[in-house]
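A short write-up of the structure that comes next.
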Amino acid sequence: GGAYMGAGVELNYPQAHSITNLMPRKVRAIQNEDGSATVTVSEWERVYRTQWQISFTLKPGEARLLQHVVFYNRSHIPGRYRYWCNASVPVSENFQFIYPEKMASEHGGTNIITWPNYLDNDWSFYRNIYEILGMYFLEAKDNFFGYYDYGRKFGVVHHGDRHRVPGKKVWSWGQTLYQWARKDDLSEGLGPYGETQSGRPVNQEHFEFIMPQEVIHWNEVWYPVKNLGRFIQATDQ
C-alpha cells in the first residue's frame with residue numbers, strides 16, 4: 001500500500017491505501033444549474049490502466065454529501081481492483097461505532113467474532129478498544145453504518161446499497177501507545193481518530209474484477225446527525 005493521512009476521506013482504487021493517494025490527481029469543481037456544487041476526483045491508475053472517477057455533490061439547503069463512483073476499463077484485458085472509501089473520524093471516550101451487522105472478521109478472515117459484544121466486551125465503544133482493531137463486517141444486514149459521539153452530541157451516517165457496496169470496515173489504533181504516536185504522525189495534530197470505511201469487496205484480502213470496456217457505477221451518501229443518540233436505522237435522506 002501507499003501513504004495514509006487521517007484527515008477527510010481517503011479514496012482507494014485499485015488498492016487499499018493506494019500508492020497514488022498522496023500524488024496529484026485530476027480535480028474538477030463545477031457549479032450546477034440547480035445551485036449545487038460538484039467536485040470530481042479522477043485518475044488513470046498506473047497498475048491496470050483503468051480509470052476511476054468519484055464525484056461529491058452538495059445541494060442548497062441539504063447537509064448530505066452525495067457521492068457518485070464510476071470505474072471504467074478502457075483496455076482489452078480484465079483488470080482487478082479493490083475499492084475502499086475511508087473516512088477518518090475524531091474519537092473520544094464517548095464515541096461509538098454504529099454498525100447493524102452481528103458478525104465481523106479480522107484481517108485475513110481467520111478470526112470471526114460476534115459484534116459488538118465479544119469476550120464480555122462491547123467493542124463498538126472507543127473507550128473499550130484496548131488493542132488495535134480492524135474489523136470487516138460479514139453478511140451485510142442493512143445499507144447504513146456510522147458513528148455517534150454522546151459527549152459532543154453529533155455523528156455521521158453513511159448509506160449505500162449493500163448489494164453494490166457490501167464492504168464495511170472499522171479501524172482503530174485503540175487505547176494503545178500506537179494511537180498516541182500515530183495521532184500526530186498521521187492526522188496532522190487533529191487528535192485521536194478512527195476509520196469508517198465502505199468497500200466494494202467484503203474485505204481487503206479479496207479483489208473484484210472489471211472486464212474490458214466495462215463501466216461500474218453506484219451512489220453513496222454521507223450526512224451528519226446531532227442531538228440524536230444512537231441510531232438503529234438510516235436512509236439516504
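Residues are named by chain letter and number: chains run A, B, ... in the order of the C-alpha cells, numbers start at 1 in each chain, and ligands are numbered from 1 in the order shown.
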Within 6 Å of A:Gln53 using only C-alpha atoms, minus same-chain residues under 6 positions, as a JSON list (two decimals) with C-alpha atoms, in the first residue's frame:
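And here's part_28.json as it stands now:
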[["chain", "number", "residue", "atom", "x", "y", "z"],
["A", 41, "VAL", "CA", -11.58, 13.48, -8.44],
["A", 42, "SER", "CA", -10.30, 11.10, -11.13],
["A", 70, "VAL", "CA", -17.54, 5.30, -11.60]]
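Non-sequential neighbours of A:Ala140 (distance at most 12 Å, separation of 4 or more positions within a chain, only C-alpha atoms) are Tyr99, Pro100, Glu101, Lys102, Met103, Ala104, Tyr136, Phe144, Phe145, Gly160, Asp161, Arg162, His163, Arg164, Val165, Pro166, Gly167, Lys168, Lys169, Ser198, Gly199, Arg200, Pro201, Val202 and Asn203 of chain A.
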Given only C-alpha atoms as the counted atoms, nearest of A:Glu33, A:Glu43, A:Glu214, A:Glu220 to A:Val69 |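 Checking each candidate against A:Val69, we get A:Glu220 as the closest.
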Would you kindly return, as a ChimeraX atom specification, each protein, DNA or RNA residue with an atom no farther than 8 Å from any atom of A:Tyr81, considering only C-alpha atoms and excluding same-chain residues fewer than 5 positions away?
-> /A:13-15,207-210
Could you check which of A:Phe56, A:Leu119, A:His68, A:Glu131 is closest to A:Trp218, using only C-alpha atoms?
-> A:His68
Leaving out A:Arg46 and any residue of its chain fewer than 2 positions from it, which residues lie within 10 Å of it when counting only C-alpha atoms, given as a list in words?
-> Pro14, Ile19, Thr20, Glu43, Trp44, Tyr48, Arg49, Thr50 and Gln51 of chain A
Residue selection dump (C-alpha atoms) as a PDB file, in the first residue's frame:
ATOM      1  CA  PRO A  14      -7.221  -0.081  -7.282  1.00  0.00           C
ATOM      2  CA  ILE A  19       0.181   4.119  -3.858  1.00  0.00           C
ATOM      3  CA  THR A  20      -1.107   7.262  -5.591  1.00  0.00           C
ATOM      4  CA  GLU A  43      -7.232   9.178 -12.253  1.00  0.00           C
ATOM      5  CA  TRP A  44      -5.967   6.813 -14.922  1.00  0.00           C
ATOM      6  CA  TYR A  48      -4.098  -1.902 -14.729  1.00  0.00           C
ATOM      7  CA  ARG A  49      -4.599   1.346 -16.679  1.00  0.00           C
ATOM      8  CA  THR A  50      -8.253   1.617 -15.741  1.00  0.00           C
ATOM      9  CA  GLN A  51     -10.000   4.865 -14.881  1.00  0.00           C
TER      10      GLN A  51
END
Could you check which of A:Ile112, A:His158, A:Tyr150, A:Thr176 is closest to A:Asn128, using only C-alpha atoms?
->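 Between A:Ile112, A:His158, A:Tyr150, A:Thr176, the residue approaching A:Asn128 most closely is A:Thr176.
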